[in-house]
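This is upload24.cif. It holds mmCIF, C-alpha atoms.
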```cif
data_final
loop_
_atom_site.label_atom_id
_atom_site.label_comp_id
_atom_site.auth_asym_id
_atom_site.auth_seq_id
_atom_site.Cartn_x
_atom_site.Cartn_y
_atom_site.Cartn_z
CA MET P 1 43.40 155.36 -29.07
CA TYR P 2 44.02 152.41 -31.35
CA SER P 3 45.01 152.40 -34.99
CA PRO P 4 43.73 149.92 -37.59
CA PHE P 5 46.00 147.24 -39.06
CA ILE P 6 48.22 147.28 -35.96
CA ILE P 7 49.88 143.93 -36.68
CA THR P 8 49.95 144.64 -40.39
CA ASN P 9 51.74 147.97 -39.92
CA ASN P 10 54.45 146.45 -37.75
CA ILE P 11 55.07 143.56 -40.13
CA HIS P 12 54.91 145.87 -43.15
CA SER P 13 57.60 148.16 -41.72
CA TRP P 14 59.88 145.18 -41.11
CA LEU P 15 59.32 143.56 -44.51
CA THR P 16 59.75 146.81 -46.46
CA GLY P 17 63.40 146.87 -45.53
CA LEU P 18 63.89 143.28 -46.74
CA PHE P 19 61.84 142.92 -49.94
CA PRO P 20 60.61 145.05 -52.86
CA ALA P 21 57.16 146.61 -52.49
CA ALA P 22 55.52 144.08 -54.85
CA ILE P 23 56.59 141.13 -52.70
CA THR P 24 56.02 142.79 -49.33
CA GLY P 25 52.20 142.82 -49.54
CA ILE P 26 51.89 139.16 -50.46
CA THR P 27 54.47 138.09 -47.88
CA GLU P 28 52.81 139.89 -44.99
CA MET P 29 49.38 138.49 -45.87
CA ILE P 30 50.81 134.97 -45.91
CA MET P 31 52.55 135.52 -42.55
CA ILE P 32 49.41 136.87 -40.86
CA ALA P 33 47.30 134.05 -42.34
CA LEU P 34 49.77 131.42 -41.04
CA ALA P 35 49.78 133.06 -37.60
CA TYR P 36 45.99 132.88 -37.37
CA LEU P 37 45.86 129.34 -38.73
CA THR P 38 48.34 128.32 -36.03
CA LEU P 39 46.27 130.09 -33.39
CA PHE P 40 43.16 128.36 -34.75
CA ALA P 41 44.73 124.89 -34.51
CA VAL P 42 46.30 125.40 -31.08
CA LEU P 43 43.08 126.84 -29.62
CA GLY P 44 41.09 123.93 -31.01
CA LEU P 45 43.42 121.31 -29.54
CA PHE P 46 43.51 123.04 -26.17
CA LEU P 47 39.74 123.51 -25.95
CA VAL P 48 39.10 119.84 -26.77
CA LEU P 49 41.50 118.83 -23.99
CA MET P 50 39.89 121.36 -21.62
CA GLU P 51 36.42 119.99 -22.42
CA ARG P 52 37.48 116.44 -21.64
CA LYS P 53 39.20 117.45 -18.40
CA VAL P 54 36.18 119.51 -17.27
CA ALA P 55 33.80 116.66 -18.16
CA ALA P 56 35.92 114.22 -16.15
CA TRP P 57 35.99 116.62 -13.19
CA PHE P 58 32.21 117.10 -13.22
CA GLN P 59 31.56 113.37 -13.55
CA LEU P 60 34.25 112.27 -11.07
CA ARG P 61 36.31 110.50 -13.76
CA ILE P 62 40.03 110.59 -14.47
CA GLY P 63 39.92 111.90 -18.03
CA PRO P 64 42.86 111.87 -20.48
CA ASN P 65 45.97 110.82 -18.55
CA ARG P 66 48.08 108.50 -20.74
CA VAL P 67 49.56 110.47 -23.64
CA GLY P 68 51.98 113.05 -22.28
CA PHE P 69 52.05 114.67 -18.84
CA PHE P 70 48.48 114.42 -17.44
CA GLY P 71 47.27 113.57 -20.96
CA MET P 72 48.41 116.92 -22.43
CA PHE P 73 49.16 115.39 -25.84
CA GLN P 74 45.99 113.31 -26.08
CA THR P 75 44.29 115.75 -28.45
CA ILE P 76 47.41 115.83 -30.66
CA ALA P 77 47.24 112.04 -30.87
CA ASP P 78 43.54 112.28 -31.77
CA ALA P 79 44.34 114.83 -34.49
CA LEU P 80 46.98 112.54 -35.98
CA LYS P 81 44.47 109.68 -35.92
CA LEU P 82 41.89 111.78 -37.80
CA LEU P 83 44.53 112.85 -40.34
CA SER P 84 45.28 109.20 -41.11
CA LYS P 85 41.65 108.05 -41.37
CA GLU P 86 40.08 107.33 -44.74
CA LEU P 87 37.68 109.96 -46.08
CA THR P 88 34.41 108.15 -46.74
CA GLY P 89 30.98 109.32 -47.86
CA THR P 90 27.76 108.22 -49.52
CA ASP P 91 27.68 107.43 -53.25
CA LYS P 92 24.62 109.61 -53.91
CA ALA P 93 25.92 112.66 -52.05
CA ASP P 94 26.31 115.97 -53.87
CA LYS P 95 30.11 115.78 -53.98
CA PHE P 96 30.78 119.47 -54.57
CA LEU P 97 28.57 120.76 -51.72
CA TYR P 98 29.53 117.81 -49.50
CA ASN P 99 33.22 118.75 -49.75
CA LEU P 100 32.57 122.50 -49.58
CA ALA P 101 30.44 122.52 -46.41
CA PRO P 102 33.19 122.19 -43.74
CA TYR P 103 35.07 125.18 -45.15
CA PHE P 104 32.17 127.55 -44.50
CA LEU P 105 32.55 126.90 -40.77
CA ILE P 106 36.34 127.10 -40.78
CA ILE P 107 36.54 130.31 -42.83
CA SER P 108 33.82 132.11 -40.85
CA SER P 109 35.58 131.27 -37.58
CA LEU P 110 38.95 132.46 -38.90
CA MET P 111 37.44 135.75 -40.12
CA ALA P 112 35.86 136.35 -36.73
CA LEU P 113 39.17 135.82 -34.91
CA ALA P 114 40.82 138.53 -37.02
CA VAL P 115 39.00 141.46 -35.40
CA PHE P 116 39.55 140.63 -31.72
CA PRO P 117 41.89 143.02 -29.84
CA PHE P 118 44.04 140.64 -27.78
CA THR P 119 45.93 143.66 -26.38
CA GLU P 120 46.18 147.35 -27.19
CA ASN P 121 48.81 146.60 -29.85
CA LEU P 122 47.81 143.10 -30.93
CA GLN P 123 44.92 143.15 -33.36
CA ALA P 124 44.91 142.20 -37.03
CA PHE P 125 42.07 144.41 -38.16
CA ASP P 126 40.22 147.13 -36.22
CA ILE P 127 37.08 148.11 -38.12
CA ASN P 128 34.41 150.58 -37.09
CA ILE P 129 31.63 147.99 -37.44
CA GLY P 130 33.36 145.30 -35.35
CA ILE P 131 30.31 143.95 -33.48
CA PHE P 132 28.14 144.04 -36.60
CA PHE P 133 30.90 142.23 -38.51
CA LEU P 134 31.12 139.49 -35.87
CA ILE P 135 27.35 138.94 -35.84
CA ALA P 136 27.26 138.81 -39.65
CA ILE P 137 30.24 136.45 -39.97
CA SER P 138 28.93 134.10 -37.28
CA SER P 139 25.76 133.70 -39.35
CA ILE P 140 27.70 132.27 -42.30
CA GLY P 141 28.67 129.12 -40.41
CA VAL P 142 25.10 127.81 -40.45
CA ILE P 143 25.30 127.66 -44.26
CA GLY P 144 28.01 125.00 -43.90
CA VAL P 145 25.83 123.01 -41.52
CA LEU P 146 22.82 123.20 -43.87
CA LEU P 147 24.93 122.25 -46.91
CA GLY P 148 26.62 119.38 -45.05
CA GLY P 149 23.33 117.90 -43.88
CA TRP P 150 21.50 118.31 -47.20
CA SER P 151 24.32 117.21 -49.52
CA SER P 152 25.04 114.02 -47.51
CA ASN P 153 21.83 112.38 -48.82
CA ASN P 154 21.11 111.13 -45.31
CA LYS P 155 17.75 111.76 -43.65
CA PHE P 156 19.20 111.99 -40.14
CA ALA P 157 21.81 114.49 -41.33
CA LEU P 158 19.09 116.51 -43.08
CA ILE P 159 16.95 116.68 -39.95
CA GLY P 160 19.97 117.82 -37.94
CA ALA P 161 20.75 120.51 -40.52
CA MET P 162 17.16 121.81 -40.52
CA ARG P 163 17.19 121.97 -36.73
CA SER P 164 20.41 123.96 -36.92
CA GLY P 165 18.82 126.51 -39.23
CA VAL P 166 15.83 127.01 -36.93
CA GLN P 167 17.98 127.14 -33.80
CA THR P 168 20.64 129.49 -35.14
CA ILE P 169 18.20 131.97 -36.68
CA SER P 170 16.14 132.02 -33.48
CA TYR P 171 18.95 132.52 -30.98
CA GLU P 172 20.92 134.97 -33.11
CA LEU P 173 18.12 137.44 -32.42
CA SER P 174 18.83 137.33 -28.70
CA VAL P 175 22.61 137.41 -29.21
CA GLY P 176 22.30 140.51 -31.37
CA LEU P 177 19.80 142.27 -29.11
CA SER P 178 21.84 141.61 -25.96
CA LEU P 179 24.92 143.08 -27.65
CA LEU P 180 22.84 146.01 -28.92
CA THR P 181 21.84 146.68 -25.33
CA MET P 182 25.51 147.20 -24.46
CA ILE P 183 26.16 149.27 -27.59
CA LEU P 184 23.77 151.86 -26.13
CA LEU P 185 26.38 152.40 -23.40
CA THR P 186 29.34 152.76 -25.76
CA GLY P 187 27.83 154.52 -28.76
CA SER P 188 30.20 152.60 -31.03
CA LEU P 189 30.43 149.23 -32.78
CA GLN P 190 34.24 149.34 -32.92
CA LEU P 191 35.77 146.83 -30.51
CA SER P 192 38.74 149.05 -29.63
CA GLU P 193 36.43 151.93 -28.70
CA ILE P 194 34.20 149.60 -26.68
CA ILE P 195 37.27 148.64 -24.63
CA GLU P 196 38.36 152.29 -24.35
CA VAL P 197 34.99 153.20 -22.78
CA GLN P 198 35.52 150.50 -20.15
CA LYS P 199 38.62 152.16 -18.70
CA SER P 200 36.19 153.91 -16.36
CA GLY P 201 34.49 150.63 -15.45
CA TRP P 202 33.48 147.40 -17.17
CA LEU P 203 30.19 147.68 -19.03
CA ILE P 204 28.59 144.99 -16.91
CA VAL P 205 29.11 147.38 -13.95
CA GLN P 206 28.30 150.61 -15.79
CA GLY P 207 24.96 149.27 -17.02
CA HIS P 208 23.51 148.16 -13.66
CA ILE P 209 20.99 145.30 -13.66
CA PRO P 210 20.11 145.61 -17.40
CA ALA P 211 23.76 144.84 -18.23
CA VAL P 212 23.68 141.74 -16.02
CA ILE P 213 20.43 140.61 -17.68
CA ALA P 214 21.96 141.21 -21.12
CA PHE P 215 25.00 139.14 -20.14
CA MET P 216 22.86 136.23 -18.91
CA ILE P 217 20.78 136.25 -22.10
CA TYR P 218 23.93 136.51 -24.22
CA MET P 219 25.54 133.47 -22.59
CA ILE P 220 22.39 131.36 -22.90
CA SER P 221 21.83 132.39 -26.53
CA GLY P 222 25.52 132.06 -27.39
CA THR P 223 25.57 128.52 -26.04
CA ALA P 224 22.50 127.70 -28.13
CA GLU P 225 23.97 129.31 -31.26
CA THR P 226 27.07 127.09 -31.03
CA ASN P 227 24.84 123.98 -30.83
CA ARG P 228 26.19 122.95 -27.45
CA ALA P 229 24.29 121.07 -24.75
CA PRO P 230 21.68 121.56 -23.42
CA PHE P 231 20.81 123.00 -26.86
CA ASP P 232 22.53 120.36 -29.03
CA MET P 233 19.40 119.26 -30.89
CA VAL P 234 21.47 119.43 -34.09
CA GLU P 235 23.66 116.54 -32.92
CA ALA P 236 21.19 114.70 -30.67
CA GLU P 237 22.98 111.33 -30.60
CA SER P 238 19.99 109.43 -29.21
CA GLU P 239 17.87 110.57 -32.17
CA LEU P 240 20.11 111.44 -35.11
CA GLY P 241 23.30 109.41 -34.78
CA ALA P 242 25.80 112.22 -35.16
CA GLY P 243 23.40 114.76 -36.66
CA PHE P 244 24.34 116.87 -39.66
CA HIS P 245 27.87 115.42 -39.96
CA THR P 246 26.85 111.75 -39.76
CA GLU P 247 28.34 110.98 -43.19
CA TYR P 248 31.65 112.78 -42.60
CA SER P 249 34.88 111.07 -41.51
CA GLY P 250 38.55 111.84 -40.99
CA MET P 251 39.58 115.48 -41.28
CA LYS P 252 36.27 116.58 -42.78
CA PHE P 253 34.59 115.52 -39.56
CA ALA P 254 37.43 117.15 -37.61
CA TYR P 255 36.72 120.50 -39.33
CA PHE P 256 33.14 120.47 -38.01
CA PHE P 257 34.33 119.34 -34.60
CA LEU P 258 37.08 121.97 -34.45
CA ALA P 259 34.81 124.79 -35.65
CA GLU P 260 32.37 124.10 -32.80
CA PHE P 261 35.08 124.66 -30.22
CA ILE P 262 36.47 127.74 -31.97
CA ASN P 263 32.96 129.20 -32.15
CA MET P 264 32.66 128.63 -28.41
CA PHE P 265 35.90 130.60 -27.95
CA ILE P 266 34.55 133.37 -30.22
CA ILE P 267 31.30 133.67 -28.23
CA ALA P 268 33.31 133.82 -24.99
CA ALA P 269 35.76 136.35 -26.47
CA ILE P 270 32.92 138.65 -27.54
CA GLY P 271 31.46 138.40 -24.05
CA ALA P 272 34.83 139.16 -22.43
CA THR P 273 35.34 142.16 -24.74
CA VAL P 274 31.88 143.69 -24.51
CA PHE P 275 30.99 142.98 -20.87
CA PHE P 276 34.31 142.62 -19.02
CA GLY P 277 36.75 145.06 -20.63
CA GLY P 278 38.65 142.70 -22.94
CA TRP P 279 42.38 143.04 -22.27
CA LEU P 280 41.92 145.65 -19.51
CA SER P 281 43.02 144.53 -16.05
CA PRO P 282 40.70 144.93 -13.04
CA PHE P 283 41.01 148.48 -11.62
CA GLY P 284 44.00 149.06 -13.93
CA ILE P 285 46.37 147.07 -11.71
CA THR P 286 48.65 146.08 -14.62
CA GLU P 287 48.05 149.02 -16.95
CA SER P 288 51.78 149.85 -16.91
CA ILE P 289 52.61 146.39 -18.34
CA PRO P 290 50.90 146.34 -21.78
CA TRP P 291 51.86 142.77 -22.73
CA LEU P 292 49.83 141.43 -19.79
CA GLY P 293 46.74 142.40 -21.77
CA VAL P 294 46.90 139.03 -23.55
CA PHE P 295 46.81 137.30 -20.15
CA TRP P 296 43.73 139.21 -18.98
CA PHE P 297 41.92 138.75 -22.29
CA LEU P 298 42.53 135.00 -22.35
CA LEU P 299 41.75 134.62 -18.63
CA LYS P 300 38.35 136.30 -19.00
CA THR P 301 37.61 134.38 -22.19
CA PHE P 302 38.47 130.98 -20.72
CA VAL P 303 36.40 131.70 -17.60
CA LEU P 304 33.40 132.19 -19.91
CA VAL P 305 34.39 129.07 -21.87
CA PHE P 306 34.39 127.15 -18.58
CA LEU P 307 30.92 128.55 -17.86
CA MET P 308 29.66 127.21 -21.19
CA MET P 309 31.19 123.81 -20.41
CA TRP P 310 29.52 123.96 -17.00
CA PHE P 311 26.18 124.36 -18.81
CA ARG P 312 26.88 121.30 -20.93
CA TRP P 313 27.70 118.94 -18.09
CA THR P 314 24.95 120.17 -15.76
CA PHE P 315 21.68 120.51 -17.68
CA PRO P 316 19.81 117.81 -19.64
CA ARG P 317 19.07 118.29 -23.34
CA LEU P 318 15.93 120.27 -24.18
CA ARG P 319 13.25 119.14 -26.60
CA VAL P 320 12.84 121.10 -29.81
CA ASP P 321 9.60 122.74 -28.63
CA GLN P 322 11.23 123.72 -25.31
CA LEU P 323 14.22 125.16 -27.16
CA LEU P 324 12.07 127.40 -29.36
CA THR P 325 9.72 128.32 -26.51
CA LEU P 326 12.65 129.54 -24.41
CA GLU P 327 13.75 131.91 -27.18
CA TRP P 328 10.49 133.25 -28.60
CA LYS P 329 8.35 133.38 -25.45
CA TYR P 330 10.94 134.33 -22.84
CA LEU P 331 14.38 135.53 -23.99
CA LEU P 332 13.20 137.74 -26.87
CA PRO P 333 10.53 139.66 -24.90
CA ILE P 334 12.91 140.11 -21.94
CA ASN P 335 15.58 141.36 -24.35
CA LEU P 336 13.27 143.94 -25.92
CA PHE P 337 12.22 145.25 -22.51
CA ASN P 338 15.84 145.29 -21.38
CA ILE P 339 16.91 147.47 -24.34
CA VAL P 340 14.28 150.05 -23.42
CA LEU P 341 15.42 149.96 -19.79
CA MET P 342 19.06 150.44 -20.80
CA ALA P 343 18.08 153.34 -23.11
CA ILE P 344 16.40 155.06 -20.16
CA ILE P 345 19.50 154.56 -17.98
CA VAL P 346 21.76 156.04 -20.67
CA TRP P 347 19.31 158.92 -21.33
CA LEU P 348 19.20 159.85 -17.64
CA ASN P 349 22.97 159.32 -17.30
CA PHE P 350 22.60 156.81 -14.46
CA THR P 351 25.65 154.75 -15.48
CA ILE P 352 28.21 153.74 -12.83
CA GLN P 353 31.76 154.90 -13.54
CA PHE P 354 34.92 154.81 -11.44
#
```
Could you render the structure from this file as structure tokens?
Amino acid sequence: MYSPFIITNNIHSWLTGLFPAAITGITEMIMIALAYLTLFAVLGLFLVLMERKVAAWFQLRIGPNRVGFFGMFQTIADALKLLSKELTGTDKADKFLYNLAPYFLIISSLMALAVFPFTENLQAFDINIGIFFLIAISSIGVIGVLLGGWSSNNKFALIGAMRSGVQTISYELSVGLSLLTMILLTGSLQLSEIIEVQKSGWLIVQGHIPAVIAFMIYMISGTAETNRAPFDMVEAESELGAGFHTEYSGMKFAYFFLAEFINMFIIAAIGATVFFGGWLSPFGITESIPWLGVFWFLLKTFVLVFLMMWFRWTFPRLRVDQLLTLEWKYLLPINLFNIVLMAIIVWLNFTIQF
């Protein structure tokens, strides 16, 4: 079994021999925070590059190919450009809320990353309410969107922010219910225990057809919750300019942009953990090599990220009424029925295990 504070314990043991106890705690918190900030930045840059390469592939274009080998450093060049751009805004904006809004998205994404088990021994914080924590934290990001749109004193930004509130609240129901369907199989909200249960078979296999249905609903709802096409009504360029972040520039805009991609990674990581065994290898083929867990976790996660990008470059944008109809008239009722079906399977012990 796993132990909480795995990374913290290892770092704490090392620092205790170097510094007094009073300094050790502060030092290890700073080191872990820097590690996750680095991971956050690197993931964001890579996902932006991946999005542009996938878009070019789907549309038969070349894509980034000038800066670095096959355009590998294009996103770094874009980041440097955004860092050097002037921070502009409207004169009548609510300055405090306008400046605060991007940090809601960044902080919520960073907090969500902290609980993912990348391998058996690589997890910052293993709490017994892991799934509940992730659902709760992911809900905080919409506050930043609402504040950004309202405080900008721009009608297009306000409309985009209101759409975000409606969309996020609606589709979080289906995200939560689809994950609850899988919790019936595990009997635990703790991510490490959810992975432990899957040593006898991934949950998407153990749960038969209801698990497959839950996964399909989760991916659709997760794509909608991150405001990505075909559900990007929040940033509908043809209607709202840039949507809720119309009045943002430079790094403040980059925070919103980066948070969207990190949230996509978080949705994919939850899916990989809950449905596909997280860091576990297929049929235990590399169980004797623990460090390969990072490879399997990232491989599964990026496959799901690619699936979300596939959605974006395949389907046209929905109208607002179609977006809400899909959730309230179709996904939610199917989800409720699916939970009952999964409960019956668990009650009769019809799960598939290897």
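For the choices P:Pro102, P:Gly278, P:Gly44, P:Gly149, the atom-to-atom distance to Glu196 of chain P is smallest for P:Gly278 when using all atoms listed in the file.
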Next on the checklist: Which residue is closest to Ile106 of chain P? Choose from P:Phe311, P:Lys155, P:Ile143, P:Met182 and count all atoms listed in the file.
Outcome noted: P:Ile143
Item to check | Expected selection from the PyMOL selection byres ((chain P and resi 94) around 8), given as a list in words | outcome: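 Here the PyMOL selection byres ((chain P and resi 94) around 8) matches Lys92, Ala93, Lys95, Phe96, Leu97, Tyr98, Ser151, Ser152 and Asn153 of chain P.
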Item to check | Shell around segment 319-335 of chain P at 8 Å using all atoms listed in the file, local window under 6 positions removed, as a PyMOL selection string | outcome: chain P and resi 167+170-171+173-174+177-178+214+217+231+233
Checklist outcome for this item: Correct to one decimal, the distance atom CA of Leu336 of chain P-atom CA of Leu318 of chain P is 23.9 Å
I'd like the residues picked by the PyMOL selection byres ((chain P and resi 118) around 8) written out as a PDB file with C-alpha atoms, keeping the file's coordinate frame, using the chain letters and numbers from the file.
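Written file, result_28.pdb:
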```pdb
ATOM      1  CA  PHE P 116      39.550 140.630 -31.720  1.00  0.00           C
ATOM      2  CA  PRO P 117      41.890 143.020 -29.840  1.00  0.00           C
ATOM      3  CA  THR P 119      45.930 143.660 -26.380  1.00  0.00           C
ATOM      4  CA  GLU P 120      46.180 147.350 -27.190  1.00  0.00           C
ATOM      5  CA  ASN P 121      48.810 146.600 -29.850  1.00  0.00           C
ATOM      6  CA  LEU P 122      47.810 143.100 -30.930  1.00  0.00           C
ATOM      7  CA  GLN P 123      44.920 143.150 -33.360  1.00  0.00           C
ATOM      8  CA  GLY P 278      38.650 142.700 -22.940  1.00  0.00           C
ATOM      9  CA  TRP P 279      42.380 143.040 -22.270  1.00  0.00           C
ATOM     10  CA  GLY P 293      46.740 142.400 -21.770  1.00  0.00           C
ATOM     11  CA  VAL P 294      46.900 139.030 -23.550  1.00  0.00           C
ATOM     12  CA  PHE P 297      41.920 138.750 -22.290  1.00  0.00           C
ATOM     13  CA  LEU P 298      42.530 135.000 -22.350  1.00  0.00           C
TER      14      LEU P 298
END
```
Checklist entry - Using the chain letters and numbers from the file, which residues does the PyMOL selection byres ((chain P and resi 49) around 8) grab, as number ranges by chain? => result P: 45-48, 50-53, 64, 72, 74-75
Next on the checklist: My list of candidates is P:Ala161, P:Ile129, P:Ile169, P:Val205. Which is closest to Leu185 of chain P when distances are computed with all atoms listed in the file?
Outcome noted: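 Looking only at the distances to Leu185 of chain P, the closest residue turns out to be P:Val205.
Nearest-residue note for Ile339 of chain P: choosing from P:Val234, P:Ala224, P:Leu180, P:Ala79, the minimum distance belongs to P:Leu180, counting only C-alpha atoms.
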Item to check | Atomic distance atom CA of Leu189 of chain P - atom CA of Ile135 of chain P, expressed in Å with one decimal | outcome: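 That distance, rounded to one decimal, is 11.2 Å.
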